[in-house]
Each structure stands twice: as structure tokens, then as C-alpha cells.
Amino acid sequence: MQAAISISVVKQLRPATKPFEVRDTRVKGFLLRVQPSGAMTYYVEYRRGKRVAIGRSDVIAPDRARERARDILAGAQFGEDPMEERRLAKAHTLRSFIEEVYEPWAKANIRTSAATVARLNASFAEHLDKKLGDLTAWIVEKWRASRINKGAKPATVNRDLDDLKSSLTKAVAWGLLEANPIAAVKRSRIDNSRAPRFLSPDEEARLRKALDDREEGIRRERDSANAWRAERTYELLPDLRSAAFADHLKPLVLLSLNTGMRRGELFALAWPSVDLQAGRITVHGATAKSGRTRHLPLNSEALDVLRCWRDQSADKAGFVFPGKNGAAFNNVRRSWEGVLAAAKITRFRWHDQRHDFASKLVMAGVDLNTVRELLGHSDYAMTLRYAHLAPEHKAAAVAKLVRHPVAASVRESVG
């Protein structure tokens with residue numbers, strides 16, 4: 001039997017007393033085998049008498065199976081043998097797959113490849129020596145229960161599960177597995193309705209004062225050090241009284257509060273991506289979590305911060321906030337926590353500055369789509385967490401439903 005295999009064709013097929021096959025009219029060698037039990041499996045016949053299963057019809061769509069068939073047929077043209085590849089794949093453990101196959105690909109295609117691979121190795125350490133084909137949904141469910149019982153947060157477990165699922169999906173795409181063995185495992189449910197943390201006016205005032213006090217403390221220490229050095233005719237250290245900022249922390253915080261940039265984006269920011277004349281920062285896809293380039297306008301405070309910081313920066317071509325030996329910063333935890341303690345601000349992470357930026361935009365009447373673009377969210381649902389901060393817009397929307405002034409007509413009738 002021959003037909004252009006499609007979803008409608010598959011739905012119309014009925015099992016017979018003996019197995020039969022439907023050969024695709026669009027790709028020679030692609031076929032669907034129907035068993036008396038009703039099970040249907042896609043195959044590709046890549047050489048005379050040699051075929052390999054692609055997957056069951058209830059797991060993979062016809063178009064996806066056809067594309068996989070094309071890939072296998074193309075590989076066979078260059079001498080590849082998918083049966084031999086699958087034989088070798090069955091010998092792959094999760095460890096060898098990650099080290100030999102997935103990690104080299106991740107380094108070339110995933111910005112956070114090192115962290116992703118490290119998480120896979122750490123989170124699934126007890127399963128690294130299992131064969132890929134031996135991983136099951138039940139094994140992963142038990143792993144999840146164990147992690148949560150030991151205190152891991154559901155969001156953390158979801159992230160690790162996503163990493164494993166993605167890697168095994170690649171194994172399927174590369175012909176190392178017929179199907180993702182944990183595709184049916186769902187993410188843990190998380191209450192995303194928790195209100196984002198942002199600073200009250202009083203907290204923001206205390207934070208800014210703590211930053212100023214810290215700067216003054218650093219300047220006093222430099223003054224004292226230079227006085228000591230002058231008494232001994234040593235070379236003096238640069239005078240911090242003439243600089244706009246004593247060190248990196250205050251400009252980092254002010255820029256974060258005024259742009260909503262992620263910490264990694266700030267640390268990776270280089271001067272060529274800052275256009276002071278146009279008042280704009282370009283966050284390139286290579287350093288953005290979403291992988292997409294976006295352009296951020298600078299308000300007057302952010303622009304002043306960058307102008308002053310540039311004036312006192314020795315390297316005006318490298319990182320905006322260079323660490324040791326000109327490398328990018330990777331941590332400001334100690335100084336940040338010190339400022340929060342001095343300001344008596346609790347439950348406020350560095351990332352919450354991003355929530356503060358978005359929350360205050362929404363409260364100022366900025367529409368959610370603009371906020372989404374500024375934050376660089378690829379998913380609109382991420383931005384919806386701020387929707388409740390604009391109650392006046394909801395009230396205005398509901399008010400538009402009123403077509404007849406009922407109250408007024410009632411008053412008139414009473415009068």
C-alpha cells in the first residue's frame with residue numbers, strides 16, 4: 001500500500017489479521033508498519049534489506065518521522081550505518097554520552113554550557129553509569145522525590161529535569177535513542193503567583209544612603225593610607241576624593257536599578273556596547289539569557305553613572321566593570337550583602353533589583369509588553385507576574401463594560 005503518510009492517513013488505518021506496511025509516496029524508503037495489535041511504527045529502509053525503526057506513531061508525528069527518515073537516508077549516502085550507530089549508542093552510559101557527545105555540542109551551541117554540564121553531572125551523579133536506554137520515567141520520578149525530600153526547591157529540580165530532558169531529546173535527534181525515555185515526566189508545579197520583591201521608597205532611600213556611606217568609608221581609608229605613605233615618602237595611591245565613585249559597587253547597583261539588566265549581562269558589559277551619545281546599551285545575544293540581542297535606553301541617572309564611571313576608567317575599550325587582571329566580575333556578594341545589612345534591608349537579592357525595575361515601570365503606567373521588551377523576556381508569561389501592580393488599568397478595563405449609567409437612572413426615578 002502506498003500513500004502520502006499524514007495524520008489523517010494514520011487515523012484512518014485499521015489493523016488487519018497480519019502485519020502490513022504503508023510506503024510513503026513523498027520520501028522513498030519511509031514507511032509505516034501496522035501490527036495486528038494496532039501498534040504502528042515508522043521505519044526507514046536505507047538500504048535493500050536494511051531498515052531501522054524511527055518511532056511509534058503515537059509518540060512521533062508523521063512529518064517529524066519523515067524528516068528523521070530524510071536525515072538517515074542522507075547519512076546512508078555518505079556511508080553511515082544507523083544500525084551500527086544505535087548499537088554503539090546502547091553502549092553509551094549517561095556519563096559517556098555527556099562527556100563524549102553532549103558536552104562538545106553544548107560548548108558550541110549553549111552560552112551556559114559549562115554550568116549546564118556541571119549540573120547534569122552533579123544532579124544525576126547516581127545515574128551516570130546507567131545506559132541511556134535504561135533510564136526510565138520511574139527512575140526520574142524517584143530521583144525527583146528524593147531531591148525534594150532532601151530539601152531541594154521544586155524550581156531547582158525543574159531546572160535539572162529540563163537539562164536532562166533536553167540532552168536526551170538531542171540523543172533522539174542524533175539517532176542515539178528511538179524516543180526520549182523521560183518525555184512523559186512533567187515538571188513539578190510551582191506557585192508563580194508570588195509577588196515580586198521590590199524596594200519601598202524608604203528602603204530605596206536607605207540603600208542609596210548605605211552606598212554613599214560605604215563610598216565615604218573607602219575614601220577615608222584611602223586618605224588614611226596616603227597620609228601614612230606620605231609620612232614615609234612612599235608613592236601615594238590614587239586620590240579617591242577626585243573620583244565620582246570609590247569603587248565598582250555603587251555604579252553597578254545604580255545601573256541595575258535603572259536598566260533591569262541581569263547580573264551576568266552587567267558583568268559582561270563592554271564599553272563598545274555602550275553608546276553614551278545615543279543614550280543606549282546593547283545587550284548582545286551572546287551574553288543574554290534569552291540569546292536575543294536587545295537595546296536598552298538609558299535614563300538620566302544611568303547615563304550620568306556611565307559617563308562618570310567612564311571618565312575614571314583606565315580601560316575604555318574592555319569591560320565596563322573589570323575585575324582582576326581586566327577579566328569580567330563574577331561575584332559581588334560580600335560587598336552587596338554588606339550594603340544590605342547597613343541599610344537594614346532583608347529578603348532582597350541582587351536579582352530583585354530587576355524585579356524592582358520592572359515593578360516600578362508597571363506602577364508608573366508602562367504597558368506590560370514594553371516591560372517585557374526591556375527585560376528581554378522571551379516568554380510573555382514571565383512578565384505577567386507584574387500585572388497585579390497596575391490595578392488602575394484593570395479597573396479602567398472593567399469600567400469600559402458599563403454602557404448604561406444604572407445608578408444615575410435609579411437616582412432620576414427616585415427623584
# chains A, B, ... in the order shown; residues from 1 in each chain; ligands from 1

$ residues_around --residues "range 137-144 of chain A" --least-positions-apart "6" --cutoff "10 Å" --atoms "only C-alpha atoms" --output "MDAnalysis selection string"
chainID A and resid 123:124 126:127 150 152 154 157:158 160:161 164 180:188

$ closest_residue --among "A:Thr259, A:Ser200, A:Ser37, A:Ser167" --to "Ser113 in chain A" --atoms "only C-alpha atoms"
A:Ser167

$ select_by_dssp --residues "range 69-290 of chain A" --states "strand (DSSP E or B)" --output "JSON, numbers by chain"
{"A": [93, 131, 270, 274, 275, 280, 281, 282, 283]}

$ closest_residue --among "A:Thr112, A:Ser300, A:Asn121, A:Asn369" --to "Gly279 in chain A" --atoms "only C-alpha atoms"
A:Ser300

$ residues_around --residues "Asp163 in chain A" --least-positions-apart "6" --cutoff "9 Å" --atoms "only C-alpha atoms" --output "ChimeraX atom specification"
/A:116-117,119-120

$ atom_distance --atom1 "CA of Ala268 in chain A" --atom2 "CA of Gly318 in chain A"
9.7 Å

$ residues_around --residues "range 370-373 of chain A" --least-positions-apart "5" --cutoff "12 Å" --atoms "only C-alpha atoms" --output "NGL selection string"
:A and (259-261 or 283 or 290 or 292-297 or 354-365 or 378-387)

$ write_last_selection --atoms "N, CA and C atoms" --output "JSON list (two decimals), in the first residue's frame"
[["chain", "number", "residue", "atom", "x", "y", "z"],
["A", 259, "THR", "N", 18.17, 49.92, 34.78],
["A", 259, "THR", "CA", 18.07, 49.23, 33.48],
["A", 259, "THR", "C", 17.43, 47.85, 33.58],
["A", 260, "GLY", "N", 17.40, 47.25, 34.78],
["A", 260, "GLY", "CA", 16.86, 45.91, 34.91],
["A", 260, "GLY", "C", 17.72, 44.83, 34.29],
["A", 261, "MET", "N", 18.98, 45.13, 34.01],
["A", 261, "MET", "CA", 19.87, 44.14, 33.40],
["A", 261, "MET", "C", 20.15, 43.00, 34.39],
["A", 283, "VAL", "N", 22.56, 44.92, 24.67],
["A", 283, "VAL", "CA", 22.82, 43.63, 25.32],
["A", 283, "VAL", "C", 22.82, 42.59, 24.21],
["A", 290, "SER", "N", 18.21, 34.99, 27.08],
["A", 290, "SER", "CA", 17.29, 34.58, 26.01],
["A", 290, "SER", "C", 18.02, 34.28, 24.71],
["A", 292, "ARG", "N", 18.91, 36.55, 22.70],
["A", 292, "ARG", "CA", 18.49, 37.57, 21.73],
["A", 292, "ARG", "C", 19.07, 38.93, 22.11],
["A", 293, "THR", "N", 19.51, 39.65, 21.09],
["A", 293, "THR", "CA", 20.04, 41.00, 21.32],
["A", 293, "THR", "C", 18.90, 41.97, 21.59],
["A", 294, "ARG", "N", 19.10, 42.87, 22.55],
["A", 294, "ARG", "CA", 18.10, 43.91, 22.80],
["A", 294, "ARG", "C", 18.82, 45.22, 23.10],
["A", 295, "HIS", "N", 18.12, 46.32, 22.91],
["A", 295, "HIS", "CA", 18.69, 47.65, 23.11],
["A", 295, "HIS", "C", 17.95, 48.33, 24.26],
["A", 296, "LEU", "N", 18.70, 48.81, 25.23],
["A", 296, "LEU", "CA", 18.12, 49.43, 26.42],
["A", 296, "LEU", "C", 18.38, 50.93, 26.43],
["A", 297, "PRO", "N", 17.34, 51.74, 26.48],
["A", 297, "PRO", "CA", 17.55, 53.19, 26.61],
["A", 297, "PRO", "C", 18.01, 53.52, 28.02],
["A", 354, "ARG", "N", 16.18, 43.67, 39.51],
["A", 354, "ARG", "CA", 15.50, 43.52, 38.21],
["A", 354, "ARG", "C", 13.98, 43.57, 38.42],
["A", 355, "HIS", "N", 13.50, 42.91, 39.48],
["A", 355, "HIS", "CA", 12.07, 42.98, 39.80],
["A", 355, "HIS", "C", 11.68, 44.41, 40.19],
["A", 356, "ASP", "N", 12.57, 45.08, 40.91],
["A", 356, "ASP", "CA", 12.30, 46.46, 41.31],
["A", 356, "ASP", "C", 12.13, 47.35, 40.08],
["A", 357, "PHE", "N", 13.01, 47.19, 39.11],
["A", 357, "PHE", "CA", 12.96, 47.95, 37.87],
["A", 357, "PHE", "C", 11.62, 47.73, 37.16],
["A", 358, "ALA", "N", 11.25, 46.45, 37.00],
["A", 358, "ALA", "CA", 10.01, 46.13, 36.27],
["A", 358, "ALA", "C", 8.78, 46.57, 37.04],
["A", 359, "SER", "N", 8.77, 46.32, 38.34],
["A", 359, "SER", "CA", 7.61, 46.67, 39.16],
["A", 359, "SER", "C", 7.32, 48.15, 39.11],
["A", 360, "LYS", "N", 8.36, 48.96, 39.21],
["A", 360, "LYS", "CA", 8.15, 50.40, 39.24],
["A", 360, "LYS", "C", 7.76, 50.96, 37.87],
["A", 361, "LEU", "N", 8.19, 50.29, 36.81],
["A", 361, "LEU", "CA", 7.72, 50.69, 35.47],
["A", 361, "LEU", "C", 6.22, 50.45, 35.36],
["A", 362, "VAL", "N", 5.77, 49.27, 35.80],
["A", 362, "VAL", "CA", 4.35, 48.93, 35.70],
["A", 362, "VAL", "C", 3.52, 49.87, 36.56],
["A", 363, "MET", "N", 4.00, 50.16, 37.78],
["A", 363, "MET", "CA", 3.28, 51.07, 38.67],
["A", 363, "MET", "C", 3.23, 52.49, 38.11],
["A", 364, "ALA", "N", 4.19, 52.81, 37.22],
["A", 364, "ALA", "CA", 4.20, 54.14, 36.60],
["A", 364, "ALA", "C", 3.33, 54.18, 35.35],
["A", 365, "GLY", "N", 2.69, 53.04, 35.03],
["A", 365, "GLY", "CA", 1.76, 53.01, 33.90],
["A", 365, "GLY", "C", 2.35, 52.49, 32.60],
["A", 378, "SER", "N", 11.63, 36.21, 26.80],
["A", 378, "SER", "CA", 11.18, 35.55, 25.57],
["A", 378, "SER", "C", 9.76, 35.04, 25.73],
["A", 379, "ASP", "N", 9.33, 34.85, 26.99],
["A", 379, "ASP", "CA", 8.00, 34.34, 27.30],
["A", 379, "ASP", "C", 7.19, 35.44, 27.98],
["A", 380, "TYR", "N", 6.05, 35.79, 27.39],
["A", 380, "TYR", "CA", 5.21, 36.86, 27.94],
["A", 380, "TYR", "C", 4.72, 36.50, 29.33],
["A", 381, "ALA", "N", 4.57, 35.18, 29.60],
["A", 381, "ALA", "CA", 4.07, 34.75, 30.91],
["A", 381, "ALA", "C", 4.99, 35.22, 32.03],
["A", 382, "MET", "N", 6.30, 35.33, 31.75],
["A", 382, "MET", "CA", 7.24, 35.79, 32.76],
["A", 382, "MET", "C", 6.93, 37.22, 33.19],
["A", 383, "THR", "N", 6.45, 38.03, 32.26],
["A", 383, "THR", "CA", 6.18, 39.43, 32.55],
["A", 383, "THR", "C", 4.86, 39.61, 33.28],
["A", 384, "LEU", "N", 3.95, 38.65, 33.14],
["A", 384, "LEU", "CA", 2.63, 38.78, 33.74],
["A", 384, "LEU", "C", 2.67, 38.81, 35.26],
["A", 385, "ARG", "N", 3.79, 38.39, 35.86],
["A", 385, "ARG", "CA", 3.88, 38.42, 37.32],
["A", 385, "ARG", "C", 3.77, 39.85, 37.86],
["A", 386, "TYR", "N", 3.99, 40.84, 36.98],
["A", 386, "TYR", "CA", 3.93, 42.23, 37.42],
["A", 386, "TYR", "C", 2.57, 42.87, 37.16],
["A", 387, "ALA", "N", 1.65, 42.10, 36.53],
["A", 387, "ALA", "CA", 0.38, 42.69, 36.10],
["A", 387, "ALA", "C", -0.44, 43.23, 37.26]]

$ residues_around --residues "Ala16 in chain A" --least-positions-apart "6" --cutoff "10 Å" --atoms "only C-alpha atoms" --output "ChimeraX atom specification"
/A:34-38

$ select_by_dssp --residues "range 8-212 of chain A" --states "alpha helix (DSSP H)" --output "ChimeraX atom specification"
/A:8-12,62-77,82-90,94-96,103-109,113-123,137-149,154-173,201-212

$ residues_around --residues "Pro272 in chain A" --least-positions-apart "3" --cutoff "9 Å" --atoms "only C-alpha atoms" --output "MDAnalysis selection string"
chainID A and resid 269 275 282 316:319

$ write_last_selection --atoms "all heavy atoms" --output "CSV table (one decimal), in the first residue's frame"
chain,number,residue,atom,x,y,z
A,269,LEU,N,29.1,43.3,30.3
A,269,LEU,CA,29.0,44.6,29.5
A,269,LEU,C,30.4,45.2,29.2
A,269,LEU,O,31.2,45.3,30.1
A,269,LEU,CB,28.1,45.6,30.3
A,269,LEU,CG,27.8,46.9,29.6
A,269,LEU,CD1,27.0,46.6,28.3
A,269,LEU,CD2,27.1,47.8,30.6
A,275,ASP,N,26.5,53.2,24.1
A,275,ASP,CA,26.5,54.4,23.3
A,275,ASP,C,26.0,55.6,24.1
A,275,ASP,O,24.8,55.8,24.3
A,275,ASP,CB,25.6,54.2,22.1
A,275,ASP,CG,25.7,55.3,21.1
A,275,ASP,OD1,26.1,56.4,21.4
A,275,ASP,OD2,25.3,55.1,19.9
A,282,THR,N,23.5,48.2,24.4
A,282,THR,CA,23.1,47.0,23.6
A,282,THR,C,23.5,45.7,24.3
A,282,THR,O,24.7,45.5,24.7
A,282,THR,CB,23.8,47.0,22.2
A,282,THR,OG1,23.4,48.1,21.5
A,282,THR,CG2,23.5,45.7,21.4
A,316,LYS,N,39.0,52.0,28.4
A,316,LYS,CA,37.8,52.4,27.8
A,316,LYS,C,37.4,51.6,26.6
A,316,LYS,O,36.5,52.0,25.8
A,316,LYS,CB,37.9,53.9,27.5
A,316,LYS,CG,38.0,54.8,28.7
A,316,LYS,CD,38.1,56.2,28.3
A,316,LYS,CE,38.1,57.2,29.5
A,316,LYS,NZ,39.2,56.8,30.5
A,317,ALA,N,38.0,50.4,26.5
A,317,ALA,CA,37.6,49.5,25.4
A,317,ALA,C,37.2,48.1,25.9
A,317,ALA,O,36.6,47.4,25.1
A,317,ALA,CB,38.8,49.4,24.4
A,318,GLY,N,37.6,47.8,27.1
A,318,GLY,CA,37.3,46.5,27.6
A,318,GLY,C,35.9,46.4,28.4
A,318,GLY,O,35.0,47.1,28.0
A,319,PHE,N,35.9,45.6,29.5
A,319,PHE,CA,34.7,45.5,30.3
A,319,PHE,C,34.4,46.8,31.0
A,319,PHE,O,35.3,47.5,31.4
A,319,PHE,CB,34.9,44.4,31.3
A,319,PHE,CG,34.9,43.0,30.7
A,319,PHE,CD1,36.0,42.2,30.8
A,319,PHE,CD2,33.7,42.5,30.1
A,319,PHE,CE1,36.0,41.0,30.2
A,319,PHE,CE2,33.7,41.2,29.6
A,319,PHE,CZ,34.9,40.5,29.6

$ closest_residue --among "A:Val22, A:Ala328, A:Leu276, A:Val10" --to "Gly264 in chain A" --atoms "only C-alpha atoms"
A:Ala328

$ atom_distance --atom1 "CA of Lys28 in chain A" --atom2 "CA of Ala69 in chain A"
9.3 Å

$ atom_distance --atom1 "CA of Ile110 in chain A" --atom2 "CA of Ala125 in chain A"
21.6 Å

$ closest_residue --among "A:Leu401, A:Leu306, A:Leu236, A:Leu94" --to "Lys130 in chain A" --atoms "only C-alpha atoms"
A:Leu94

$ closest_residue --among "A:Phe329, A:Phe321, A:Phe198, A:Phe97" --to "Gln353 in chain A" --atoms "only C-alpha atoms"
A:Phe198
